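Novice: So here's model_6.cif (mmCIF, C-alpha atoms).
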```cif
data_run
loop_
_atom_site.label_atom_id
_atom_site.label_comp_id
_atom_site.auth_asym_id
_atom_site.auth_seq_id
_atom_site.Cartn_x
_atom_site.Cartn_y
_atom_site.Cartn_z
CA MET A 1 101.46 88.69 54.00
CA THR A 2 98.81 89.60 56.48
CA ALA A 3 97.39 87.11 58.93
CA ARG A 4 93.83 85.83 58.66
CA ARG A 5 91.37 87.97 60.58
CA SER A 6 89.07 86.28 63.09
CA ARG A 7 85.36 86.80 62.56
CA ARG A 8 83.65 88.91 65.17
CA THR A 9 80.39 87.74 66.75
CA LEU A 10 77.99 90.14 68.45
CA LEU A 11 76.25 88.55 71.44
CA PRO A 12 73.08 89.99 72.96
CA THR A 13 73.43 91.70 76.32
CA ARG A 14 71.49 89.96 79.15
CA LEU A 15 68.93 92.27 80.70
CA PRO A 16 68.87 92.45 84.54
CA HIS A 17 66.13 90.28 86.13
CA ARG A 18 63.18 92.10 87.63
CA HIS A 19 60.13 90.80 89.54
CA GLY A 20 56.41 91.39 89.71
CA ARG A 21 54.07 93.13 87.39
CA SER A 22 56.76 95.44 86.02
CA THR A 23 58.43 92.37 84.51
CA LEU A 24 55.24 91.29 82.77
CA ARG A 25 54.51 94.79 81.50
CA ALA A 26 58.08 95.21 80.22
CA GLY A 27 57.93 91.83 78.47
CA LEU A 28 54.63 92.64 76.82
CA CYS A 29 55.95 96.04 75.75
CA LEU A 30 59.07 94.55 74.23
CA ALA A 31 57.06 91.91 72.40
CA LEU A 32 54.70 94.56 71.05
CA CYS A 33 57.57 96.78 69.93
CA ALA A 34 59.26 93.86 68.20
CA ALA A 35 56.05 92.97 66.41
CA LEU A 36 55.50 96.56 65.32
CA SER A 37 59.10 96.87 64.16
CA ALA A 38 58.83 93.72 62.09
CA ALA A 39 55.52 94.88 60.63
CA CYS A 40 57.11 98.17 59.61
CA GLY A 41 60.07 96.39 58.07
CA VAL A 42 62.68 97.64 60.53
CA LEU A 43 64.89 94.57 60.74
CA PRO A 44 68.53 94.08 61.75
CA GLY A 45 70.97 94.32 58.85
CA GLY A 46 68.89 96.70 56.73
CA GLY A 47 66.03 94.30 55.92
CA ASN A 48 62.79 95.69 54.57
CA PRO A 49 60.31 93.18 53.10
CA GLY A 50 59.34 94.41 49.63
CA GLY A 51 61.04 97.73 50.31
CA PRO A 52 64.26 99.27 49.01
CA VAL A 53 67.63 97.56 49.14
CA THR A 54 70.36 99.93 50.33
CA VAL A 55 74.02 99.32 49.42
CA MET A 56 77.18 101.41 49.29
CA THR A 57 80.00 101.80 46.77
CA TRP A 58 83.16 103.69 47.69
CA ALA A 59 86.39 104.69 45.96
CA PRO A 60 89.07 107.40 46.22
CA GLN A 61 88.35 110.61 44.35
CA ASN A 62 90.30 113.86 43.87
CA THR A 63 93.45 112.57 45.57
CA LYS A 64 97.11 112.85 44.63
CA ALA A 65 97.41 109.08 44.14
CA THR A 66 95.06 106.61 42.44
CA ASN A 67 91.48 107.80 41.83
CA LYS A 68 88.51 105.65 40.79
CA PRO A 69 85.54 108.04 40.47
CA GLY A 70 84.01 105.86 37.75
CA MET A 71 83.19 103.10 40.23
CA PRO A 72 80.62 105.01 42.35
CA ALA A 73 79.40 106.78 39.19
CA LEU A 74 78.77 103.43 37.46
CA ALA A 75 76.99 102.18 40.61
CA GLN A 76 74.60 105.12 40.39
CA ALA A 77 73.99 104.52 36.68
CA TYR A 78 73.35 100.83 37.43
CA ALA A 79 70.76 101.80 40.04
CA ARG A 80 68.97 104.07 37.56
CA TRP A 81 68.90 101.25 35.01
CA ALA A 82 67.79 98.61 37.52
CA ASN A 83 65.02 100.78 38.98
CA ALA A 84 63.75 101.67 35.50
CA ASN A 85 63.38 97.94 34.91
CA GLY A 86 61.63 96.80 38.06
CA GLY A 87 64.52 97.00 40.52
CA LEU A 88 66.36 93.99 41.94
CA GLY A 89 63.91 91.15 42.40
CA GLY A 90 61.17 93.76 42.76
CA HIS A 91 63.13 95.88 45.25
CA HIS A 92 64.07 99.49 44.57
CA LEU A 93 67.88 99.80 44.64
CA ASP A 94 69.32 102.67 46.70
CA VAL A 95 73.05 103.23 46.12
CA LEU A 96 75.03 105.33 48.58
CA THR A 97 78.48 106.48 47.48
CA CYS A 98 81.48 107.56 49.52
CA ASN A 99 84.89 109.11 48.82
CA GLU A 100 87.44 107.21 50.90
CA HIS A 101 90.13 109.80 50.01
CA ASN A 102 92.85 107.13 49.75
CA THR A 103 93.36 107.30 53.54
CA THR A 104 92.82 104.96 56.47
CA VAL A 105 90.56 107.54 58.12
CA GLY A 106 88.49 107.93 54.96
CA ALA A 107 88.10 104.18 54.47
CA ALA A 108 86.95 103.69 58.07
CA ALA A 109 84.54 106.64 57.79
CA CYS A 110 82.93 105.17 54.66
CA ALA A 111 82.50 101.82 56.39
CA ARG A 112 80.92 103.44 59.46
CA ARG A 113 78.56 105.35 57.20
CA ALA A 114 77.50 102.09 55.54
CA VAL A 115 76.77 100.62 58.97
CA GLU A 116 74.80 103.68 60.08
CA ALA A 117 72.76 103.61 56.86
CA LYS A 118 71.96 99.91 57.46
CA ALA A 119 73.41 98.97 54.07
CA VAL A 120 72.97 95.29 53.30
CA ALA A 121 76.26 95.17 51.37
CA VAL A 122 79.23 97.18 50.14
CA VAL A 123 79.49 96.50 46.42
CA GLY A 124 82.13 97.05 43.72
CA SER A 125 84.44 99.27 45.77
CA TYR A 126 88.12 100.27 45.81
CA SER A 127 90.41 100.87 48.78
CA GLN A 128 93.89 99.79 49.79
CA TYR A 129 93.03 100.19 53.49
CA SER A 130 91.17 96.97 54.17
CA ARG A 131 92.24 96.84 57.82
CA SER A 132 90.36 100.10 58.37
CA PHE A 133 87.14 99.29 56.54
CA LEU A 134 86.74 95.56 57.18
CA ALA A 135 86.57 95.83 60.98
CA PRO A 136 83.36 97.94 61.01
CA LEU A 137 81.82 95.79 58.26
CA GLU A 138 82.65 92.55 60.07
CA ALA A 139 81.25 93.86 63.35
CA ALA A 140 77.97 94.70 61.60
CA GLY A 141 77.93 91.52 59.49
CA ILE A 142 77.86 93.46 56.19
CA PRO A 143 79.24 91.53 53.18
CA TYR A 144 81.89 93.11 50.94
CA ILE A 145 80.98 92.06 47.40
CA GLY A 146 83.38 92.47 44.51
CA GLY A 147 86.13 94.61 45.98
CA TYR A 148 88.89 95.64 43.61
CA GLY A 149 91.28 93.14 45.21
CA LEU A 150 94.16 95.37 46.26
CA THR A 151 94.77 93.79 49.64
CA ASP A 152 95.32 90.39 51.17
CA GLU A 153 92.47 90.90 53.66
CA GLU A 154 89.98 90.98 50.80
CA PHE A 155 90.93 87.35 50.23
CA THR A 156 90.89 86.32 53.91
CA SER A 157 87.87 88.00 55.52
CA PRO A 158 84.87 85.64 55.82
CA LEU A 159 82.63 88.54 54.80
CA SER A 160 84.48 89.21 51.53
CA TYR A 161 83.11 87.79 48.26
CA PRO A 162 85.67 88.65 45.55
CA VAL A 163 84.78 88.48 41.85
CA ASN A 164 88.31 88.54 40.45
CA GLY A 165 91.76 87.45 41.56
CA GLY A 166 92.76 90.99 42.54
CA GLN A 167 96.30 92.24 42.42
CA PRO A 168 97.63 88.75 43.30
CA ALA A 169 96.26 87.22 40.09
CA LEU A 170 97.30 90.20 37.96
CA MET A 171 100.88 90.12 39.21
CA ALA A 172 101.23 86.33 39.03
CA GLY A 173 99.72 86.43 35.56
CA GLY A 174 102.00 89.32 34.62
CA GLY A 175 105.00 87.21 35.53
CA ARG A 176 103.72 84.39 33.33
CA GLN A 177 103.17 86.80 30.44
CA LEU A 178 106.54 88.53 30.73
CA ALA A 179 108.52 85.32 31.20
CA ALA A 180 107.69 84.40 27.61
CA ASN A 181 108.53 87.81 26.15
CA CYS A 182 111.34 89.47 28.11
CA SER A 183 114.97 88.60 28.83
CA ARG A 184 115.29 90.78 31.96
CA ILE A 185 112.55 92.47 33.97
CA ALA A 186 112.42 95.48 36.28
CA LEU A 187 109.33 96.15 38.41
CA VAL A 188 108.53 99.69 39.56
CA ARG A 189 105.92 99.67 42.31
CA PRO A 190 104.72 101.79 45.26
CA ASP A 191 106.52 101.56 48.57
CA THR A 192 103.30 100.81 50.47
CA ILE A 193 101.80 97.87 52.35
CA ALA A 194 99.72 96.99 49.29
CA GLY A 195 102.82 97.29 47.08
CA ASP A 196 105.06 95.10 49.21
CA SER A 197 103.47 91.85 48.00
CA LEU A 198 103.82 92.66 44.29
CA PRO A 199 107.43 91.51 43.71
CA GLN A 200 106.80 88.12 45.34
CA LEU A 201 103.75 87.55 43.15
CA LEU A 202 105.45 88.67 39.94
CA ASP A 203 108.43 86.44 40.72
CA ALA A 204 106.10 83.46 41.28
CA GLY A 205 104.80 83.95 37.75
CA LEU A 206 108.33 84.32 36.42
CA ARG A 207 109.36 81.09 38.15
CA ALA A 208 106.45 79.31 36.52
CA GLY A 209 107.92 80.45 33.19
CA ARG A 210 111.46 79.42 34.25
CA HIS A 211 112.64 83.01 34.39
CA ALA A 212 114.93 84.82 36.84
CA PRO A 213 113.36 87.17 39.42
CA ALA A 214 112.65 90.79 38.56
CA THR A 215 114.58 93.77 39.87
CA ASP A 216 112.37 95.38 42.53
CA ILE A 217 112.31 99.20 42.40
CA ARG A 218 110.27 100.90 45.13
CA THR A 219 109.05 104.47 44.92
CA VAL A 220 106.74 107.01 46.51
CA GLU A 221 103.15 106.41 45.42
CA ASP A 222 102.23 110.04 44.68
CA ALA A 223 105.51 111.44 43.28
CA THR A 224 105.40 114.13 40.58
CA GLU A 225 108.40 112.70 38.67
CA TYR A 226 110.25 109.38 38.52
CA ASP A 227 113.49 110.19 36.70
CA ALA A 228 115.73 108.26 39.12
CA GLN A 229 113.45 105.21 39.11
CA ALA A 230 113.19 105.29 35.30
CA GLU A 231 116.99 105.31 34.98
CA HIS A 232 117.32 102.44 37.46
CA ALA A 233 114.66 100.40 35.62
CA LEU A 234 116.14 101.06 32.18
CA SER A 235 119.60 100.10 33.39
CA ALA A 236 118.38 96.86 34.99
CA ALA A 237 116.10 95.80 32.15
CA GLY A 238 118.58 96.86 29.49
CA GLY A 239 121.39 94.79 30.98
CA VAL A 240 123.70 97.78 31.39
CA GLY A 241 127.05 96.61 32.73
CA ASP A 242 126.35 92.98 31.87
CA PRO A 243 128.48 91.92 28.88
CA ALA A 244 126.52 88.66 28.60
CA ALA A 245 123.13 90.38 28.36
CA GLN A 246 121.09 89.24 25.40
CA GLY A 247 117.58 89.89 24.16
CA GLU A 248 115.22 92.73 24.97
CA GLY A 249 114.27 93.40 28.58
CA CYS A 250 111.01 94.77 29.97
CA VAL A 251 110.12 97.53 32.42
CA SER A 252 106.84 96.90 34.25
CA ALA A 253 105.29 99.78 36.21
CA VAL A 254 102.35 99.20 38.56
CA LEU A 255 101.62 102.59 40.10
CA GLY A 256 97.91 103.13 39.54
CA ASP A 257 97.21 106.66 38.29
CA ARG A 258 100.88 107.55 38.70
CA THR A 259 101.90 105.01 36.03
CA ASP A 260 101.44 107.80 33.46
CA THR A 261 103.80 110.02 35.43
CA PHE A 262 106.41 107.26 35.55
CA PHE A 263 106.27 106.67 31.80
CA ASP A 264 106.65 110.41 31.17
CA SER A 265 109.98 110.17 32.98
CA PHE A 266 110.72 106.90 31.19
CA ARG A 267 110.12 108.46 27.76
CA ARG A 268 112.48 111.37 28.51
CA THR A 269 115.22 108.97 29.62
CA ARG A 270 114.94 105.88 27.43
CA ASP A 271 117.08 107.05 24.46
CA ALA A 272 120.22 106.90 26.61
CA TYR A 273 119.72 103.18 27.35
CA PRO A 274 119.35 99.94 25.39
CA ALA A 275 115.89 99.34 23.92
CA VAL A 276 113.38 97.73 26.29
CA LYS A 277 109.69 96.84 26.15
CA VAL A 278 107.14 98.13 28.63
CA ALA A 279 104.50 96.33 30.65
CA SER A 280 101.84 96.87 33.30
CA VAL A 281 98.52 95.55 34.57
CA LEU A 282 94.97 96.69 33.93
CA GLY A 283 94.11 99.36 36.46
CA SER A 284 97.46 101.05 35.96
CA VAL A 285 97.07 101.05 32.15
CA ASP A 286 93.85 100.82 30.15
CA GLN A 287 92.57 101.96 26.76
CA SER A 288 91.84 105.49 27.95
CA THR A 289 95.44 105.75 29.18
CA VAL A 290 96.74 104.77 25.74
CA ASP A 291 94.38 107.20 24.00
CA ARG A 292 95.31 110.06 26.32
CA THR A 293 99.05 109.58 25.79
CA GLY A 294 99.06 109.46 22.00
CA GLY A 295 97.48 106.21 20.84
CA ALA A 296 99.82 104.38 18.49
CA SER A 297 102.57 106.92 19.22
CA SER A 298 102.22 106.65 23.01
CA PRO A 299 104.94 105.10 25.19
CA TYR A 300 102.57 102.15 25.68
CA GLU A 301 102.65 101.02 22.05
CA GLY A 302 103.67 97.36 22.12
CA ALA A 303 103.16 97.16 25.91
CA TYR A 304 102.19 93.87 27.56
CA VAL A 305 99.19 94.29 29.86
CA THR A 306 97.67 91.65 32.15
CA GLY A 307 93.95 91.97 32.94
CA TRP A 308 91.14 90.11 34.65
CA TYR A 309 88.54 90.36 31.94
CA PRO A 310 88.15 90.24 28.14
CA VAL A 311 89.21 93.32 26.15
CA LEU A 312 86.62 96.11 25.92
CA THR A 313 85.83 95.40 22.26
CA ASP A 314 84.52 91.95 23.24
CA SER A 315 80.76 91.65 22.76
CA ARG A 316 80.39 90.36 26.32
CA TRP A 317 80.62 94.00 27.47
CA ASP A 318 77.68 95.11 25.30
CA ALA A 319 75.18 95.15 28.20
CA MET A 320 77.45 97.32 30.34
CA ARG A 321 78.14 99.72 27.48
CA ASP A 322 74.41 100.04 26.82
CA VAL A 323 73.66 100.88 30.46
CA ILE A 324 76.44 103.49 30.48
CA ARG A 325 75.18 105.02 27.24
CA ARG A 326 71.57 105.24 28.41
CA TYR A 327 71.84 105.83 32.17
CA ALA A 328 75.19 107.53 32.92
CA PHE A 329 73.88 110.66 31.17
CA GLY A 330 77.20 111.55 29.61
CA ASP A 331 79.10 111.40 32.93
CA ASN A 332 82.71 111.34 31.74
CA ARG A 333 83.83 109.69 35.00
CA VAL A 334 82.35 106.42 33.75
CA ASP A 335 84.96 104.97 31.41
CA PRO A 336 83.93 101.48 30.24
CA ALA A 337 87.62 100.65 29.65
CA ASP A 338 88.49 101.22 33.31
CA ALA A 339 89.07 97.99 35.25
CA GLY A 340 87.38 99.52 38.30
CA VAL A 341 84.22 100.31 36.35
CA GLN A 342 84.23 96.79 34.93
CA THR A 343 84.65 95.28 38.39
CA THR A 344 81.77 97.37 39.74
CA TRP A 345 79.55 96.14 36.89
CA ILE A 346 80.35 92.51 37.70
CA ALA A 347 79.87 93.10 41.45
CA TYR A 348 76.39 94.53 40.86
CA THR A 349 75.62 91.58 38.58
CA VAL A 350 76.42 89.37 41.58
CA LEU A 351 74.24 91.48 43.89
CA ARG A 352 71.32 91.32 41.46
CA ARG A 353 71.51 87.53 41.23
CA ALA A 354 71.76 87.20 45.01
CA VAL A 355 68.73 89.40 45.67
CA GLU A 356 66.68 87.58 43.03
CA SER A 357 67.63 84.23 44.58
CA LEU A 358 66.02 85.24 47.86
CA GLY A 359 62.53 85.37 46.38
CA ASP A 360 60.08 86.48 49.09
CA GLN A 361 62.71 86.42 51.84
CA ASP A 362 63.82 89.67 53.46
CA VAL A 363 66.91 91.15 51.83
CA THR A 364 69.36 91.64 54.68
CA ALA A 365 73.08 91.46 55.13
CA ASN A 366 72.57 88.09 56.80
CA SER A 367 70.34 86.64 54.07
CA LEU A 368 72.80 87.71 51.36
CA ARG A 369 75.70 86.06 53.21
CA HIS A 370 73.61 82.93 53.70
CA ALA A 371 72.89 82.77 49.96
CA PHE A 372 76.58 83.08 49.07
CA ASP A 373 77.78 80.67 51.74
CA ASN A 374 75.27 78.02 50.72
CA GLY A 375 76.30 77.67 47.11
CA LEU A 376 74.68 80.47 45.08
CA GLU A 377 76.26 80.37 41.60
CA VAL A 378 76.45 83.56 39.57
CA GLY A 379 77.04 83.68 35.84
CA THR A 380 78.50 86.91 34.46
CA GLY A 381 77.90 86.35 30.77
CA GLY A 382 81.40 85.00 30.23
CA LEU A 383 83.21 88.02 31.71
CA THR A 384 84.44 85.67 34.45
CA PRO A 385 84.01 81.96 35.05
CA PRO A 386 80.82 81.13 37.02
CA LEU A 387 81.32 82.49 40.53
CA ARG A 388 80.55 80.56 43.72
CA TRP A 389 81.85 80.95 47.27
CA ARG A 390 81.46 77.56 48.92
CA PHE A 391 84.40 76.16 50.85
CA GLN A 392 85.22 73.70 48.04
CA ASP A 393 85.33 76.56 45.51
CA PHE A 394 88.15 78.45 47.24
CA LEU A 395 91.70 78.36 45.92
CA ALA A 396 94.13 76.14 47.80
CA ALA A 397 96.44 79.07 48.60
CA GLU A 398 97.18 79.76 52.25
CA ASP A 399 97.46 83.52 51.77
CA TYR A 400 94.27 83.86 49.68
CA PRO A 401 91.69 81.46 51.15
CA ARG A 402 88.69 83.46 49.79
CA LEU A 403 89.91 83.62 46.19
CA VAL A 404 87.56 81.82 43.76
CA ASN A 405 88.54 83.27 40.37
CA ALA A 406 92.19 82.99 39.34
CA ASP A 407 91.66 83.65 35.63
CA VAL A 408 93.52 86.45 33.84
CA THR A 409 93.83 87.65 30.25
CA PHE A 410 96.99 88.52 28.33
CA GLN A 411 96.66 91.72 26.32
CA GLN A 412 98.95 93.94 24.25
CA VAL A 413 98.78 97.44 22.80
CA ARG A 414 98.91 97.23 19.01
CA ASP A 415 98.34 100.24 16.74
CA GLY A 416 97.09 102.14 19.77
CA ARG A 417 94.47 99.54 20.78
CA LEU A 418 94.44 97.01 23.60
CA VAL A 419 93.89 93.64 21.97
CA ALA A 420 94.10 90.05 23.15
CA GLU A 421 97.69 88.79 22.99
CA ARG A 422 96.40 85.31 23.73
CA LYS A 423 92.87 84.02 23.19
CA GLY A 424 90.78 83.17 26.23
CA PHE A 425 91.63 83.10 29.93
CA VAL A 426 94.81 81.90 31.62
CA ASN A 427 94.34 80.30 35.03
CA VAL A 428 97.07 81.14 37.58
CA SER A 429 95.81 79.04 40.50
CA GLY A 430 98.95 76.93 40.62
CA THR A 431 101.17 80.01 40.46
CA LEU A 432 99.36 81.64 43.38
CA GLU A 433 99.52 78.46 45.41
CA SER A 434 103.28 78.30 44.88
CA ALA A 435 103.62 81.96 45.93
CA SER A 436 101.99 81.33 49.34
#
```
How does the structure come out when it is put into C-alpha cells?

Specialist:
Amino acid sequence: MTARRSRRTLLPTRLPHRHGRSTLRAGLCLALCAALSAACGVLPGGGNPGGPVTVMTWAPQNTKATNKPGMPALAQAYARWANANGGLGGHHLDVLTCNEHNTTVGAAACARRAVEAKAVAVVGSYSQYSRSFLAPLEAAGIPYIGGYGLTDEEFTSPLSYPVNGGQPALMAGGGRQLAANCSRIALVRPDTIAGDSLPQLLDAGLRAGRHAPATDIRTVEDATEYDAQAEHALSAAGGVGDPAAQGEGCVSAVLGDRTDTFFDSFRRTRDAYPAVKVASVLGSVDQSTVDRTGGASSPYEGAYVTGWYPVLTDSRWDAMRDVIRRYAFGDNRVDPADAGVQTTWIAYTVLRRAVESLGDQDVTANSLRHAFDNGLEVGTGGLTPPLRWRFQDFLAAEDYPRLVNADVTFQQVRDGRLVAERKGFVNVSGTLESAS
C-alpha cells in the first residue's frame, strides 16, 4: 500500500524592502491592481463572483488498455443540461475534458492543464496514475471530486473527496459475494501497481466469509489473448489435481476493458476443464458487455458481479437517463450502464450541491474545499448513502483514511440481464478495516 502523502502549502514570497517614495508608489499600485483584479473577478483558485464555474473531467480514450470515453462525454452532457436550467447556483458551468491516455505523462499533463485553466475542481474522472496527477492538484489546492477510485492515493490525499469505495470496496465486496457461492476461487488481474492490491482485498472479503484465499494470477494489462492465464485459472478453480475437490469453483477476472479478451480465451478453453462459474466487478463487466457478447448466451450468463450502485433498471437512475436522452445528443460513448458514467453523474451531483451551498460566496477551489471539510452533506437520491467528508465520517481503515462510502451491491447476470442478487447495499467497512 502507498504511504499517505503530505499536503503541500504554498507560502507567499517576501518582497525586498525598498525606501522612499518608490515604496509608497509601489504599494499604492499593488493595492489598486488588487482592487481592480477583485472587481473584475480574477481571484486565486478560479473564483469569479456570479461568473462561470470551470471544472475538468479526464479519462483515458483510444488506448490499448481500459478506456472510459463516456465519463468526459457525460460531463459535457451534464453541463448542457445544467446550463439550460440556470446553471449551478446561478453560475454557468464550463467543463473542460482531457484524454489522459492511460499514461503517467498524460495524467500529469491533464492535471497541469486544469491548473492553467484555473479549474475550481476535477470532477468524476478516471486514472490509475494518481501519483502523477495529484501532485499538481495539491500544489494548486484543487479538489478531486468523485474519482473512480482505482488507487490508494485517492483515499489518502486531503484534497480527494471520493463518492464510492473504489476498487478496495469492490474487491472486498467481491470476496464476500464469492465466499458464499464458490468452493475455490482464482483471480486474474493486471500486473500493475493498481492491480497489486486486488488479491489482498479479495482475500479480506473471503476471510470474512470464512473462505480460503484465492489463487492470484497476474497478467499483462493490454494483452491480445489470455490462453495461458485462462488455463491456469480453470485448473485452479476447477480443483484439477485435487482428489478432495468438491463443489463448483469460480474464476474472477478484473482487467477493465481487457476482461472481454480474457473471457474469449476462457470460452475457447473451458470445455477441457471442470465446470466453473465466472465473476467480476462493475467497471470490468457491465450490461453493455453482456449485450455485446451475446446476452443470455454470453460467457457472463450466471456471472457474479459486485458493484457500487443499484442496477441500471432501478428508478433511482431515471434522472441520469433523462439527461443522457435529452442532452447527450445520441453520443454513443455515453452508456448509462457504465460504472464510470454513473460515477461521473454522482460526482457532478456533489459539485452542484457544493456550489449551491455557497450562496453568494465566490466559487473557488478553496471555498469548495471549505464546504466539504466543514460538514456539507450531499444526498444522491439513494444511489449512495448520504455523503459527507468530515473527520468523523471517514472509515477507520489505515490505508483508506478518506473513504466515506463502503457500500456495495451484489448483482448477477440472469437471462442476459444484470439484476440484484441481493436486495439493498452491503457495507464492507469492517472487511476493509481488517485488510489494512

Novice: Step by step, work through what the PyMOL selection byres ((chain A and resi 187) around 12) selects in the shown file, and finish by giving those residues as a ChimeraX atom specification.

Specialist: /A:171,174-175,178,184-186,188-191,195-196,198-203,213-219,229-230,232-234,236-237,249-255,259,262,278-281

Novice: Identify all residues satisfying the PyMOL selection byres ((chain A and resi 374-390) around 10) in the given file; provide them as an MDAnalysis selection string.

Specialist: chainID A and resid 160:164 308:311 314:317 319 342:343 345:347 349:354 357 368:373 391:394 402:408 425

Novice: Apply the PyMOL selection byres ((chain A and resi 179) around 9) to the structure shown and report the selected residues as a list in words.

Specialist: Gly174, Gly175, Arg176, Gln177, Leu178, Ala180, Asn181, Cys182, Ser183, Arg184, Ile185, Gly205, Leu206, Arg207, Ala208, Gly209, Arg210, His211 and Ala212 of chain A

Novice: Scan for residues within 10 Å of the point (77.3, 102.6, 30.8) in the coordinates of the file, using all atoms listed in the file, and reply as a PyMOL selection string.

Specialist: chain A and resi 73-75+77-78+81+317-331+334-336+341-342+345

Novice: Using atom CA of Arg113 of chain A and atom CA of Pro72 of chain A as the two end points, give the distance in Å to one decimal.

Specialist: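 Atom CA of Arg113 of chain A sits 15.0 Å away from atom CA of Pro72 of chain A.
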
Novice: Kindly extract all protein, DNA and RNA residues lying within 7 Å of the coordinates (96.5, 104.9, 32.3) given in the file, considering all atoms listed in the file, and supply them as a list in words.

Specialist: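 Result, sorted by chain then residue number: Asp257, Thr259, Asp260, Ser284, Val285, Asp286, Ser288, Thr289 and Val290 of chain A.
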
Novice: Can you tell me how far atom CA of Asn83 of chain A sits from atom CA of Gly50 of chain A, in Å to one decimal?

Specialist: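 These atoms are spaced 13.6 Å apart.
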
Novice: Nearest to Leu93 of chain A among A:Val55, A:Ala339, A:Val276, A:Val115, with distances taken over all atoms listed in the file: which residue is it?

Specialist: A:Val55

Novice: In Å, rounded to a single decimal, give me how far atom CA of Tyr273 of chain A is from atom CA of Ala228 of chain A.

Specialist: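 Taking atom CA of Ala228 of chain A and atom CA of Tyr273 of chain A, their separation equals 13.4 Å.
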
Novice: For Gly307 of chain A, which residue among A:Glu433, A:Glu248, A:Asp338, A:Glu154 is the nearest when counting all atoms listed in the file?

Specialist: A:Asp338

Novice: Show me, as a list in words, the residues that have an atom within 9 Å of Gln287 of chain A when counting all atoms listed in the file, minus same-chain residues fewer than 3 positions from it.

Specialist: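 The filter keeps Val290, Asp291, Arg292, Gly295, Leu312, Ala337, Asp338, Val413, Gly416, Arg417 and Leu418 of chain A.
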